[in-house]
$ cat entry14.txt   # compact mmCIF, C-alpha atoms
# COMPACT_ATOMS: atom_id res chain seq x y z
CA MET A 2 11.35 19.91 32.85
CA SER A 3 10.18 18.79 29.39
CA ASP A 4 7.59 20.81 27.50
CA GLN A 5 4.00 20.11 28.42
CA ILE A 6 0.51 21.45 28.05
CA ILE A 7 -2.03 21.74 30.82
CA LEU A 8 -5.51 20.24 30.63
CA ARG A 9 -7.85 21.91 33.11
CA LEU A 10 -10.83 19.79 34.17
CA ASP A 11 -13.21 20.60 37.01
CA GLY A 12 -10.76 23.08 38.45
CA GLN A 13 -7.83 20.65 38.47
CA ASP A 14 -4.77 20.85 36.22
CA TYR A 15 -3.38 17.80 34.46
CA PRO A 16 0.04 18.15 32.77
CA LEU A 17 0.37 16.33 29.44
CA PRO A 18 3.90 15.92 28.03
CA LEU A 19 4.75 17.23 24.56
CA GLU A 20 6.74 14.87 22.34
CA GLN A 21 8.82 15.97 19.36
CA GLY A 22 9.92 13.96 16.34
CA ALA A 23 13.08 14.10 14.25
CA GLU A 24 11.44 16.52 11.79
CA ASN A 25 10.12 18.74 14.61
CA GLU A 26 6.57 17.43 14.43
CA ARG A 27 4.92 17.71 17.84
CA ALA A 28 2.45 15.50 19.67
CA ILE A 29 0.62 15.48 22.99
CA ASP A 30 1.32 12.32 24.96
CA ILE A 31 -2.06 11.19 26.29
CA SER A 32 -1.01 7.68 27.30
CA SER A 33 -2.00 8.35 30.94
CA LEU A 34 -5.06 10.50 30.17
CA ARG A 35 -7.71 7.93 31.08
CA ALA A 36 -5.90 6.75 34.18
CA ASP A 37 -5.47 10.32 35.43
CA THR A 38 -8.76 11.92 34.39
CA GLY A 39 -11.20 9.19 33.36
CA LEU A 40 -11.37 10.79 29.90
CA ILE A 41 -10.53 9.37 26.50
CA THR A 42 -10.10 11.17 23.18
CA LEU A 43 -12.58 10.74 20.32
CA ASP A 44 -10.87 10.79 16.93
CA SER A 45 -12.86 9.11 14.17
CA GLY A 46 -10.50 7.71 11.55
CA TYR A 47 -7.49 8.41 13.81
CA ALA A 48 -6.54 11.42 11.67
CA ASN A 49 -5.16 13.25 14.72
CA THR A 50 -3.78 10.25 16.60
CA GLY A 51 -0.20 9.04 16.55
CA SER A 52 -0.23 5.31 17.22
CA CYS A 53 3.53 4.81 17.49
CA ARG A 54 7.00 6.17 16.97
CA SER A 55 8.66 4.98 13.76
CA ALA A 56 11.95 5.60 11.94
CA ILE A 57 10.88 4.14 8.59
CA THR A 58 9.02 6.76 6.54
CA PHE A 59 8.49 10.50 6.86
CA VAL A 60 5.53 12.23 5.20
CA ASP A 61 4.84 15.96 5.29
CA GLY A 62 1.45 16.41 3.64
CA GLU A 63 1.56 20.21 3.71
CA GLN A 64 4.91 20.36 1.88
CA GLY A 65 4.38 17.32 -0.36
CA ILE A 66 7.38 15.46 1.08
CA LEU A 67 7.92 11.68 1.18
CA ARG A 68 11.19 10.15 2.43
CA TYR A 69 12.24 6.56 3.03
CA ARG A 70 14.68 6.35 5.96
CA GLY A 71 15.45 10.04 5.30
CA ILE A 72 16.04 9.67 1.54
CA PRO A 73 13.69 11.81 -0.62
CA ILE A 74 11.52 9.63 -2.84
CA GLU A 75 12.71 11.56 -5.91
CA GLN A 76 16.23 10.17 -5.48
CA PHE A 77 15.06 6.65 -6.32
CA THR A 78 13.88 7.61 -9.81
CA GLN A 79 17.18 7.59 -11.75
CA HIS A 80 17.92 3.88 -11.42
CA PRO A 81 14.86 2.43 -9.68
CA ASN A 82 15.62 -0.80 -7.87
CA PHE A 83 12.77 -2.20 -5.81
CA ILE A 84 14.90 -4.81 -4.02
CA GLU A 85 17.37 -2.16 -2.87
CA VAL A 86 14.51 -0.06 -1.48
CA ALA A 87 12.95 -3.10 0.20
CA TRP A 88 16.22 -3.74 2.06
CA LEU A 89 16.45 -0.06 3.00
CA LEU A 90 12.96 0.00 4.49
CA ILE A 91 13.28 -3.28 6.36
CA PHE A 92 16.84 -3.08 7.66
CA GLY A 93 17.33 0.67 7.97
CA SER A 94 20.13 1.50 5.50
CA LEU A 95 21.02 1.04 1.85
CA PRO A 96 22.58 -2.40 1.30
CA ASN A 97 26.26 -2.78 0.45
CA ARG A 98 27.17 -5.07 -2.44
CA GLN A 99 27.45 -8.18 -0.27
CA GLU A 100 24.11 -7.53 1.46
CA TYR A 101 22.36 -6.79 -1.82
CA ASP A 102 23.72 -9.85 -3.62
CA GLY A 103 22.85 -12.07 -0.66
CA PHE A 104 19.29 -10.76 -0.42
CA ALA A 105 18.76 -10.95 -4.19
CA GLY A 106 20.10 -14.49 -4.07
CA ASP A 107 17.59 -15.40 -1.35
CA LEU A 108 14.77 -13.98 -3.48
CA THR A 109 15.85 -16.11 -6.42
CA ALA A 110 16.32 -19.24 -4.31
CA HIS A 111 12.90 -19.00 -2.66
CA ALA A 112 10.73 -17.84 -5.57
CA ASN A 113 9.06 -21.20 -6.14
CA LEU A 114 6.07 -22.46 -4.18
CA ASP A 115 5.88 -25.78 -2.43
CA GLU A 116 4.12 -28.19 -4.78
CA GLY A 117 1.52 -28.79 -2.09
CA MET A 118 0.43 -25.16 -2.27
CA LYS A 119 -0.77 -25.61 -5.84
CA LEU A 120 -3.59 -27.81 -4.59
CA HIS A 121 -4.97 -24.83 -2.66
CA PHE A 122 -5.27 -22.79 -5.84
CA GLU A 123 -7.43 -25.48 -7.42
CA GLY A 124 -10.02 -24.96 -4.70
CA PHE A 125 -10.71 -21.39 -5.80
CA PRO A 126 -13.24 -20.72 -8.56
CA ARG A 127 -11.83 -19.19 -11.74
CA ASN A 128 -13.50 -15.86 -11.02
CA ALA A 129 -12.29 -15.59 -7.41
CA PRO A 130 -11.03 -12.09 -6.52
CA PRO A 131 -7.21 -12.17 -6.77
CA MET A 132 -6.89 -10.28 -3.48
CA ALA A 133 -8.85 -12.99 -1.69
CA ILE A 134 -6.47 -15.60 -3.10
CA LEU A 135 -3.43 -13.51 -2.21
CA SER A 136 -4.48 -13.08 1.42
CA ALA A 137 -5.39 -16.75 1.82
CA MET A 138 -2.17 -17.99 0.27
CA ILE A 139 0.08 -15.70 2.31
CA ASN A 140 -1.59 -17.14 5.38
CA ALA A 141 -1.12 -20.64 3.98
CA LEU A 142 2.63 -20.02 3.64
CA SER A 143 2.87 -20.15 7.42
CA CYS A 144 1.77 -23.79 7.30
CA PHE A 145 4.67 -24.70 5.01
CA TYR A 146 7.32 -22.81 6.98
CA PRO A 147 6.47 -23.34 10.66
CA GLU A 148 10.10 -22.70 11.57
CA LEU A 149 9.54 -19.04 10.59
CA LEU A 150 6.57 -18.45 12.86
CA GLU A 151 8.87 -17.48 15.74
CA LEU A 152 11.29 -14.81 14.50
CA ASP A 153 13.62 -14.21 17.41
CA ASP A 154 16.81 -13.24 15.55
CA THR A 155 17.75 -11.12 12.55
CA SER A 156 18.99 -13.97 10.35
CA ARG A 157 15.76 -15.93 10.72
CA PHE A 158 13.72 -12.77 10.12
CA ARG A 159 15.74 -11.97 7.00
CA LEU A 160 14.92 -15.40 5.60
CA ALA A 161 11.21 -14.92 6.33
CA ALA A 162 11.25 -11.46 4.71
CA ALA A 163 12.99 -12.78 1.60
CA ARG A 164 10.54 -15.66 1.27
CA LEU A 165 7.53 -13.37 1.56
CA ILE A 166 8.82 -10.75 -0.89
CA SER A 167 9.82 -13.44 -3.38
CA LYS A 168 6.76 -15.65 -3.10
CA ILE A 169 4.13 -12.89 -3.17
CA ARG A 170 4.81 -12.33 -6.87
CA THR A 171 4.67 -16.09 -7.52
CA ILE A 172 1.31 -16.30 -5.72
CA ALA A 173 0.07 -13.25 -7.65
CA ALA A 174 1.16 -14.72 -10.98
CA TYR A 175 -0.43 -18.08 -10.28
CA ALA A 176 -3.67 -16.45 -9.15
CA TYR A 177 -3.81 -14.72 -12.52
CA ARG A 178 -2.89 -17.89 -14.45
CA HIS A 179 -5.57 -19.81 -12.58
CA SER A 180 -8.20 -17.22 -13.56
CA GLN A 181 -7.21 -17.69 -17.20
CA GLY A 182 -7.19 -21.47 -17.06
CA ASP A 183 -3.46 -21.51 -17.81
CA ALA A 184 -0.77 -23.75 -16.36
CA TYR A 185 1.57 -22.58 -13.64
CA ASN A 186 4.80 -20.98 -14.89
CA TYR A 187 7.83 -21.80 -12.78
CA PRO A 188 10.01 -18.84 -11.84
CA ASN A 189 13.10 -18.35 -13.99
CA PRO A 190 16.22 -17.98 -11.80
CA ARG A 191 17.99 -16.02 -14.54
CA LEU A 192 15.46 -13.18 -14.42
CA ALA A 193 15.37 -10.17 -12.12
CA TYR A 194 12.43 -9.51 -9.80
CA VAL A 195 10.08 -7.60 -12.13
CA SER A 196 11.03 -9.56 -15.24
CA ASN A 197 10.34 -12.81 -13.41
CA LEU A 198 6.91 -11.58 -12.31
CA LEU A 199 5.92 -10.75 -15.91
CA HIS A 200 7.33 -14.08 -17.09
CA MET A 201 5.30 -16.03 -14.55
CA MET A 202 2.15 -14.08 -15.45
CA PHE A 203 2.32 -13.94 -19.24
CA SER A 204 4.78 -16.45 -20.73
CA HIS A 205 3.43 -19.37 -22.76
CA PRO A 206 5.18 -22.48 -24.12
CA TYR A 207 7.57 -21.41 -26.89
CA GLN A 208 6.50 -17.79 -26.34
CA GLU A 209 8.30 -16.38 -23.34
CA ARG A 210 7.36 -12.89 -22.19
CA GLU A 211 10.37 -10.62 -22.53
CA CYS A 212 10.57 -7.60 -20.28
CA ASP A 213 11.58 -4.41 -22.02
CA PRO A 214 14.05 -2.32 -19.95
CA LEU A 215 11.66 0.63 -19.81
CA VAL A 216 8.80 -1.61 -18.66
CA ARG A 217 11.07 -3.01 -15.96
CA GLU A 218 11.99 0.54 -14.95
CA ALA A 219 8.35 1.61 -14.80
CA LEU A 220 7.25 -1.34 -12.65
CA ASN A 221 10.26 -1.01 -10.34
CA LEU A 222 9.34 2.63 -9.87
CA LEU A 223 5.68 1.76 -9.33
CA PHE A 224 6.59 -0.75 -6.62
CA ILE A 225 9.03 1.69 -4.98
CA LEU A 226 6.44 4.48 -4.83
CA HIS A 227 3.97 2.11 -3.16
CA ALA A 228 6.50 0.47 -0.82
CA ASP A 229 5.57 2.43 2.29
CA HIS A 230 3.51 5.43 3.28
CA GLU A 231 3.69 5.76 7.05
CA GLN A 232 0.63 4.72 9.11
CA ASN A 233 -1.87 4.13 6.31
CA CYS A 234 -4.85 1.80 6.72
CA SER A 235 -3.12 -1.43 5.71
CA THR A 236 0.13 -0.69 7.55
CA SER A 237 -1.77 0.22 10.70
CA THR A 238 -3.66 -3.06 10.30
CA VAL A 239 -0.39 -5.00 10.12
CA ARG A 240 0.81 -3.26 13.29
CA ILE A 241 -2.46 -3.87 15.13
CA VAL A 242 -2.53 -7.55 14.21
CA GLY A 243 1.17 -7.85 15.03
CA SER A 244 0.59 -6.24 18.43
CA SER A 245 -1.21 -9.44 19.47
CA LYS A 246 2.05 -11.30 18.71
CA ALA A 247 0.53 -12.72 15.53
CA ASN A 248 3.22 -14.03 13.17
CA LEU A 249 4.57 -12.12 10.16
CA PHE A 250 2.55 -14.14 7.63
CA ALA A 251 -0.77 -13.60 9.41
CA SER A 252 -0.07 -9.89 9.92
CA CYS A 253 0.77 -9.32 6.25
CA ALA A 254 -2.27 -11.33 5.14
CA ALA A 255 -4.37 -8.94 7.22
CA GLY A 256 -2.65 -6.04 5.46
CA VAL A 257 -3.77 -7.47 2.12
CA CYS A 258 -7.37 -7.52 3.34
CA ALA A 259 -7.16 -3.88 4.44
CA LEU A 260 -5.58 -2.87 1.12
CA TRP A 261 -8.39 -4.58 -0.80
CA GLY A 262 -10.87 -1.77 -0.10
CA PRO A 263 -11.74 0.72 -2.86
CA LEU A 264 -10.81 3.64 -0.58
CA HIS A 265 -7.27 2.27 -0.21
CA GLY A 266 -5.58 -0.06 -2.68
CA GLY A 267 -8.54 -0.23 -5.04
CA ALA A 268 -8.60 3.50 -5.75
CA ASN A 269 -6.56 3.22 -8.97
CA ILE A 270 -9.25 0.93 -10.40
CA GLU A 271 -11.82 3.65 -9.79
CA VAL A 272 -9.60 6.14 -11.63
CA LEU A 273 -9.42 3.91 -14.68
CA ARG A 274 -13.17 3.36 -14.63
CA MET A 275 -13.69 7.12 -14.52
CA LEU A 276 -11.39 7.66 -17.52
CA GLU A 277 -13.16 4.89 -19.44
CA ARG A 278 -16.53 6.41 -18.57
CA ILE A 279 -15.43 9.75 -20.01
CA HIS A 280 -13.94 8.15 -23.13
CA ASN A 281 -16.77 5.70 -23.82
CA GLY A 282 -19.39 8.34 -23.08
CA HIS A 283 -17.82 10.70 -25.62
CA MET A 284 -17.54 13.38 -22.95
CA THR A 285 -14.92 16.06 -22.83
CA PRO A 286 -12.82 16.36 -19.67
CA GLU A 287 -14.38 19.81 -19.22
CA ASP A 288 -17.88 18.29 -19.23
CA TYR A 289 -16.91 15.72 -16.64
CA VAL A 290 -15.32 18.32 -14.37
CA GLN A 291 -18.55 20.29 -14.43
CA GLN A 292 -20.48 17.16 -13.50
CA ALA A 293 -18.04 16.46 -10.64
CA LYS A 294 -18.62 19.97 -9.27
CA ASP A 295 -22.39 19.48 -9.37
CA LYS A 296 -23.44 18.11 -5.97
CA THR A 297 -26.64 16.68 -7.48
CA ASN A 298 -24.58 14.56 -9.90
CA ASP A 299 -23.02 11.22 -8.91
CA ALA A 300 -19.86 11.92 -10.94
CA ARG A 301 -16.71 12.04 -8.81
CA LEU A 302 -13.22 13.16 -9.75
CA MET A 303 -11.29 10.04 -8.78
CA GLY A 304 -7.55 10.12 -8.11
CA PHE A 305 -7.59 13.65 -6.73
CA GLY A 306 -7.10 14.58 -3.10
CA HIS A 307 -5.42 12.65 -0.33
CA ARG A 308 -6.01 12.07 3.37
CA VAL A 309 -2.49 13.27 4.19
CA TYR A 310 -1.27 15.40 1.28
CA LYS A 311 -2.69 18.93 1.25
CA ASN A 312 -0.28 19.79 -1.51
CA ARG A 313 0.88 17.79 -4.51
CA ASP A 314 1.49 14.09 -3.99
CA PRO A 315 5.16 13.68 -5.04
CA ARG A 316 4.46 10.13 -6.18
CA ALA A 317 1.84 11.36 -8.67
CA GLU A 318 4.28 13.76 -10.31
CA ILE A 319 6.86 10.99 -10.73
CA LEU A 320 4.34 8.50 -12.15
CA GLY A 321 2.84 11.10 -14.49
CA ARG A 322 6.23 11.64 -16.11
CA GLN A 323 6.87 7.89 -16.20
CA ALA A 324 3.51 7.20 -17.86
CA GLU A 325 4.24 9.66 -20.66
CA LYS A 326 7.75 8.28 -21.11
CA LEU A 327 6.55 4.67 -21.20
CA LEU A 328 3.65 5.20 -23.59
CA ALA A 329 5.76 7.31 -25.95
CA TYR A 330 8.40 4.57 -26.03
CA MET A 331 5.81 1.88 -26.64
CA GLY A 332 4.23 3.92 -29.41
CA GLN A 333 0.88 3.99 -27.63
CA ASP A 334 -1.38 6.99 -27.97
CA ASP A 335 -3.58 6.09 -25.04
CA PRO A 336 -6.73 8.24 -25.07
CA LEU A 337 -7.08 7.65 -21.34
CA LEU A 338 -3.69 9.25 -20.69
CA ASN A 339 -4.74 12.24 -22.79
CA ILE A 340 -7.95 12.56 -20.76
CA ALA A 341 -6.02 12.21 -17.50
CA ARG A 342 -3.59 14.97 -18.47
CA LYS A 343 -6.43 17.29 -19.41
CA LEU A 344 -8.28 16.57 -16.16
CA GLU A 345 -5.13 17.35 -14.21
CA GLU A 346 -4.64 20.61 -16.12
CA ILE A 347 -8.23 21.71 -15.50
CA ALA A 348 -8.26 20.75 -11.82
CA LEU A 349 -4.97 22.52 -11.08
CA GLU A 350 -6.36 25.76 -12.52
CA ASP A 351 -9.91 25.58 -11.21
CA PRO A 352 -10.43 27.48 -7.90
CA TYR A 353 -13.06 24.89 -6.86
CA PHE A 354 -10.42 22.15 -6.66
CA LYS A 355 -7.54 24.38 -5.54
CA GLN A 356 -9.50 25.62 -2.53
CA ARG A 357 -10.22 22.03 -1.54
CA ASN A 358 -6.59 20.90 -2.02
CA LEU A 359 -7.64 18.37 -4.64
CA TYR A 360 -4.38 17.58 -6.38
CA PRO A 361 -3.60 14.35 -8.29
CA ASN A 362 -2.55 11.45 -6.04
CA VAL A 363 -0.54 8.31 -6.72
CA ASP A 364 -3.61 6.41 -7.94
CA PHE A 365 -4.18 8.86 -10.78
CA TYR A 366 -1.41 7.48 -13.02
CA SER A 367 -0.58 4.05 -11.62
CA GLY A 368 -3.50 2.40 -13.42
CA ILE A 369 -2.47 3.88 -16.77
CA ILE A 370 1.05 2.46 -16.38
CA MET A 371 -0.23 -0.99 -15.43
CA ARG A 372 -2.72 -0.93 -18.29
CA ALA A 373 0.10 -0.11 -20.73
CA VAL A 374 2.16 -3.03 -19.42
CA GLY A 375 -0.78 -5.40 -19.87
CA ILE A 376 -1.77 -5.89 -16.23
CA PRO A 377 -5.53 -6.62 -16.11
CA THR A 378 -7.66 -4.31 -13.98
CA ASN A 379 -8.53 -6.95 -11.38
CA MET A 380 -4.80 -7.37 -10.68
CA PHE A 381 -4.12 -3.68 -10.01
CA THR A 382 -4.55 -3.96 -6.25
CA VAL A 383 -2.42 -7.12 -6.20
CA MET A 384 0.41 -5.10 -7.79
CA PHE A 385 -0.08 -2.50 -5.05
CA ALA A 386 0.24 -5.28 -2.44
CA ILE A 387 3.50 -6.53 -3.98
CA GLY A 388 4.90 -3.02 -3.71
CA ARG A 389 3.60 -2.37 -0.19
CA LEU A 390 4.81 -5.68 1.30
CA PRO A 391 8.32 -4.44 2.27
CA GLY A 392 6.73 -1.59 4.21
CA TRP A 393 4.45 -3.98 6.07
CA ILE A 394 7.40 -6.23 6.91
CA ALA A 395 9.47 -3.24 8.06
CA HIS A 396 6.74 -1.99 10.40
CA TRP A 397 6.07 -5.46 11.82
CA TRP A 398 9.76 -5.93 12.57
CA GLU A 399 10.25 -2.41 13.96
CA GLN A 400 7.33 -2.89 16.33
CA ASN A 401 8.74 -6.23 17.41
CA GLN A 402 12.29 -4.96 17.90
CA ARG A 403 11.32 -1.82 19.77
CA GLY A 404 9.32 -3.78 22.28
CA GLN A 405 6.15 -1.96 21.26
CA ASN A 406 4.25 -5.09 22.13
CA ARG A 407 1.34 -3.70 24.09
CA ILE A 408 -1.71 -5.09 22.34
CA ALA A 409 -3.67 -2.43 20.44
CA ARG A 410 -7.00 -1.87 22.16
CA PRO A 411 -8.80 1.41 21.27
CA ARG A 412 -11.64 2.68 23.44
CA GLN A 413 -15.04 3.95 22.33
CA ILE A 414 -17.86 6.28 23.26
CA TYR A 415 -20.91 4.08 23.75
CA ASP A 416 -24.15 5.59 22.37
CA GLY A 417 -26.51 2.58 22.54
CA ASN A 418 -29.30 1.70 24.97
CA THR A 419 -28.79 2.29 28.65
CA ILE A 420 -29.65 -0.64 30.95
CA THR A 421 -32.50 -2.60 29.37
CA ASP A 422 -34.42 -5.58 30.75
CA TYR A 423 -34.63 -8.88 28.94
CA VAL A 424 -38.18 -9.59 27.67
CA PRO A 425 -39.33 -13.23 27.33
CA MET A 426 -40.30 -14.33 23.83
CA ASP A 427 -44.07 -14.57 24.47
CA GLU A 428 -44.18 -11.05 25.94
CA ARG A 429 -42.50 -9.32 22.99
CA GLY A 430 -44.64 -7.19 20.69
$ encode --input "entry14.txt" --output "structure tokens"
Amino acid sequence: MSDQIILRLDGQDYPLPLEQGAENERAIDISSLRADTGLITLDSGYANTGSCRSAITFVDGEQGILRYRGIPIEQFTQHPNFIEVAWLLIFGSLPNRQEYDGFAGDLTAHANLDEGMKLHFEGFPRNAPPMAILSAMINALSCFYPELLELDDTSRFRLAAARLISKIRTIAAYAYRHSQGDAYNYPNPRLAYVSNLLHMMFSHPYQERECDPLVREALNLLFILHADHEQNCSTSTVRIVGSSKANLFASCAAGVCALWGPLHGGANIEVLRMLERIHNGHMTPEDYVQQAKDKTNDARLMGFGHRVYKNRDPRAEILGRQAEKLLAYMGQDDPLLNIARKLEEIALEDPYFKQRNLYPNVDFYSGIIMRAVGIPTNMFTVMFAIGRLPGWIAHWWEQNQRGQNRIARPRQIYDGNTITDYVPMDERG
């Protein structure tokens, strides 16, 4: 008999199976709880609820561990290659040379947008939020590739995945160009993924944006560190939308909308605003920390703490080192980086933050790197979406392939009016 726990209710015992994962994490299987007992669980924010089994990403928040398909995140830092990691997440193993070259070739071949899509961009005002454009245009892609709405075999799915990963950067670049009143830059088939993105965003006639190797390394690493993070808000959204049998484009567009929120993908913008507030207000990091500890003050220490990590976020340590390396190479003495380093030093020594497990998270340094590269603040979350897209695709496909196609339908505890009579208009007070 498998392990189980016993729930005792009104003198009757109900056995609930215990499930165990590959890393020995344990869960209580309550899938028959309501049918057997009439009870449901109440778990606001789903912090204690496992929504699925998955073989894509492992996170141990207590130990500060992040692994993609079993590979520790730190092992991707020596020669960061976002496309290699995207293949790994989506298809389950590192690509061989033939697989890699074929996938990279698909990305190059499908980087351009259908000319008809450009008309959609013209309908957006210049100051439209880039995330709104990104979500809308990913959805619009489904109109131009109806043959990819039904993905019933691996080869067709691979083509859809390549088109999405390739075209998201083209959409992002054109959204930025549109906001600046600049003409669309066609993708350059001779350039690699990150270099092509920067070209499409920043090149001008007779002044092509060249991508420095260290900039390319930093952005590849940034995308890799954002590529997946288990059942976060946006990934869970993709799975929930996909559970209705919605197509890959619609599901990923929904993921963009979930990522848009300041508590998720927009958190790095809040970090940069905090650093600018300290710098422009001529405050010391010590002064700001004291304000953040004062409950009567509205100052908040942004970029610290994480819903999952109760130890250091391994992604933050990697990006912190990369930020220093990049800025030193570029000859930039960024006062915001200096403030960030001092804030980190203070928080890691202060018992107030240590007791609350408030360690730097991935958002703490990502904005500084993007700022150094020249990415405008309103495009930060778009960059996050480019990085996270392979994870969304991987989870959508895994759910589809595993037959986990029962539509997501959470329950609730109703706390509104009990039965209430309708009152005609002329009798209402």
$ closest_residue --input "entry14.txt" --among "A:Leu160, A:Leu34, A:Ile172, A:Val195" --to "Pro214 in chain A" --atoms "only C-alpha atoms"
A:Val195
$ residues_around --input "entry14.txt" --residues "range 409-426 of chain A" --least-positions-apart "4" --cutoff "9 Å" --atoms "all atoms listed in the file" --output "list in words"
Ile41, Thr42, Leu43, Arg240, Ile241, Val242, Ser244, Ser245 and Gly430 of chain A
$ atom_distance --input "entry14.txt" --atom1 "CA of Gln208 in chain A" --atom2 "CA of Gly332 in chain A"
22.0 Å
$ residues_around --input "entry14.txt" --residues "range 8-23 of chain A" --least-positions-apart "4" --cutoff "12 Å" --atoms "all atoms listed in the file" --output "list of chain:residue names"
A:Met2, A:Ser3, A:Asp4, A:Arg27, A:Ala28, A:Ile29, A:Asp30, A:Ile31, A:Ser32, A:Ser33, A:Leu34, A:Arg35, A:Ala36, A:Asp37, A:Thr38, A:Gly39, A:Leu40, A:Gly51, A:Cys53, A:Arg54, A:Ser55, A:Ala56, A:Ile57, A:Thr58, A:Phe59, A:Val60, A:Arg70, A:Gly71
$ residues_around --input "entry14.txt" --residues "Ala219 in chain A" --least-positions-apart "2" --cutoff "10 Å" --atoms "only C-alpha atoms" --output "short mmCIF file (atom, residue, chain, number, x, y, z; two decimals) with C-alpha atoms, in the coordinates of the input"
data_model
loop_
_atom_site.label_atom_id
_atom_site.label_comp_id
_atom_site.auth_asym_id
_atom_site.auth_seq_id
_atom_site.Cartn_x
_atom_site.Cartn_y
_atom_site.Cartn_z
CA THR A 78 13.88 7.61 -9.81
CA PRO A 81 14.86 2.43 -9.68
CA VAL A 195 10.08 -7.60 -12.13
CA ASP A 213 11.58 -4.41 -22.02
CA PRO A 214 14.05 -2.32 -19.95
CA LEU A 215 11.66 0.63 -19.81
CA VAL A 216 8.80 -1.61 -18.66
CA ARG A 217 11.07 -3.01 -15.96
CA ASN A 221 10.26 -1.01 -10.34
CA LEU A 222 9.34 2.63 -9.87
CA LEU A 223 5.68 1.76 -9.33
CA PHE A 224 6.59 -0.75 -6.62
CA ILE A 225 9.03 1.69 -4.98
CA LEU A 320 4.34 8.50 -12.15
CA GLN A 323 6.87 7.89 -16.20
CA ALA A 324 3.51 7.20 -17.86
CA LYS A 326 7.75 8.28 -21.11
CA LEU A 327 6.55 4.67 -21.20
CA SER A 367 -0.58 4.05 -11.62
CA ILE A 370 1.05 2.46 -16.38
CA MET A 371 -0.23 -0.99 -15.43
CA VAL A 374 2.16 -3.03 -19.42
#
$ decode --input "entry14.txt" --residues "range 132-145 of chain A" --atoms "N, CA and C atoms" --output "mmCIF file, in the first residue's frame"
data_model
loop_
_atom_site.group_PDB
_atom_site.id
_atom_site.type_symbol
_atom_site.label_atom_id
_atom_site.label_comp_id
_atom_site.auth_asym_id
_atom_site.auth_seq_id
_atom_site.Cartn_x
_atom_site.Cartn_y
_atom_site.Cartn_z
ATOM 1 N N MET A 132 3.686 46.227 -23.505
ATOM 2 C CA MET A 132 3.155 44.908 -23.162
ATOM 3 C C MET A 132 1.763 44.698 -23.750
ATOM 4 N N ALA A 133 0.996 45.755 -23.865
ATOM 5 C CA ALA A 133 -0.320 45.640 -24.505
ATOM 6 C C ALA A 133 -0.152 45.289 -25.980
ATOM 7 N N ILE A 134 0.803 45.938 -26.627
ATOM 8 C CA ILE A 134 1.074 45.647 -28.039
ATOM 9 C C ILE A 134 1.573 44.218 -28.195
ATOM 10 N N LEU A 135 2.480 43.813 -27.318
ATOM 11 C CA LEU A 135 3.054 42.469 -27.405
ATOM 12 C C LEU A 135 1.977 41.403 -27.293
ATOM 13 N N SER A 136 1.101 41.529 -26.310
ATOM 14 C CA SER A 136 0.039 40.543 -26.134
ATOM 15 C C SER A 136 -0.889 40.507 -27.348
ATOM 16 N N ALA A 137 -1.284 41.688 -27.811
ATOM 17 C CA ALA A 137 -2.206 41.757 -28.948
ATOM 18 C C ALA A 137 -1.590 41.150 -30.203
ATOM 19 N N MET A 138 -0.304 41.432 -30.421
ATOM 20 C CA MET A 138 0.315 40.968 -31.661
ATOM 21 C C MET A 138 0.654 39.477 -31.628
ATOM 22 N N ILE A 139 0.930 38.927 -30.453
ATOM 23 C CA ILE A 139 1.096 37.477 -30.365
ATOM 24 C C ILE A 139 -0.222 36.790 -30.688
ATOM 25 N N ASN A 140 -1.314 37.341 -30.194
ATOM 26 C CA ASN A 140 -2.626 36.806 -30.545
ATOM 27 C C ASN A 140 -2.879 36.930 -32.041
ATOM 28 N N ALA A 141 -2.479 38.078 -32.602
ATOM 29 C CA ALA A 141 -2.709 38.308 -34.032
ATOM 30 C C ALA A 141 -1.928 37.326 -34.897
ATOM 31 N N LEU A 142 -0.781 36.831 -34.399
ATOM 32 C CA LEU A 142 -0.006 35.859 -35.172
ATOM 33 C C LEU A 142 -0.847 34.654 -35.558
ATOM 34 N N SER A 143 -1.771 34.269 -34.673
ATOM 35 C CA SER A 143 -2.588 33.090 -34.949
ATOM 36 C C SER A 143 -3.446 33.273 -36.193
ATOM 37 N N CYS A 144 -3.763 34.520 -36.516
ATOM 38 C CA CYS A 144 -4.564 34.792 -37.715
ATOM 39 C C CYS A 144 -3.753 34.575 -38.990
ATOM 40 N N PHE A 145 -2.437 34.776 -38.898
ATOM 41 C CA PHE A 145 -1.580 34.658 -40.072
ATOM 42 C C PHE A 145 -1.041 33.247 -40.269
#
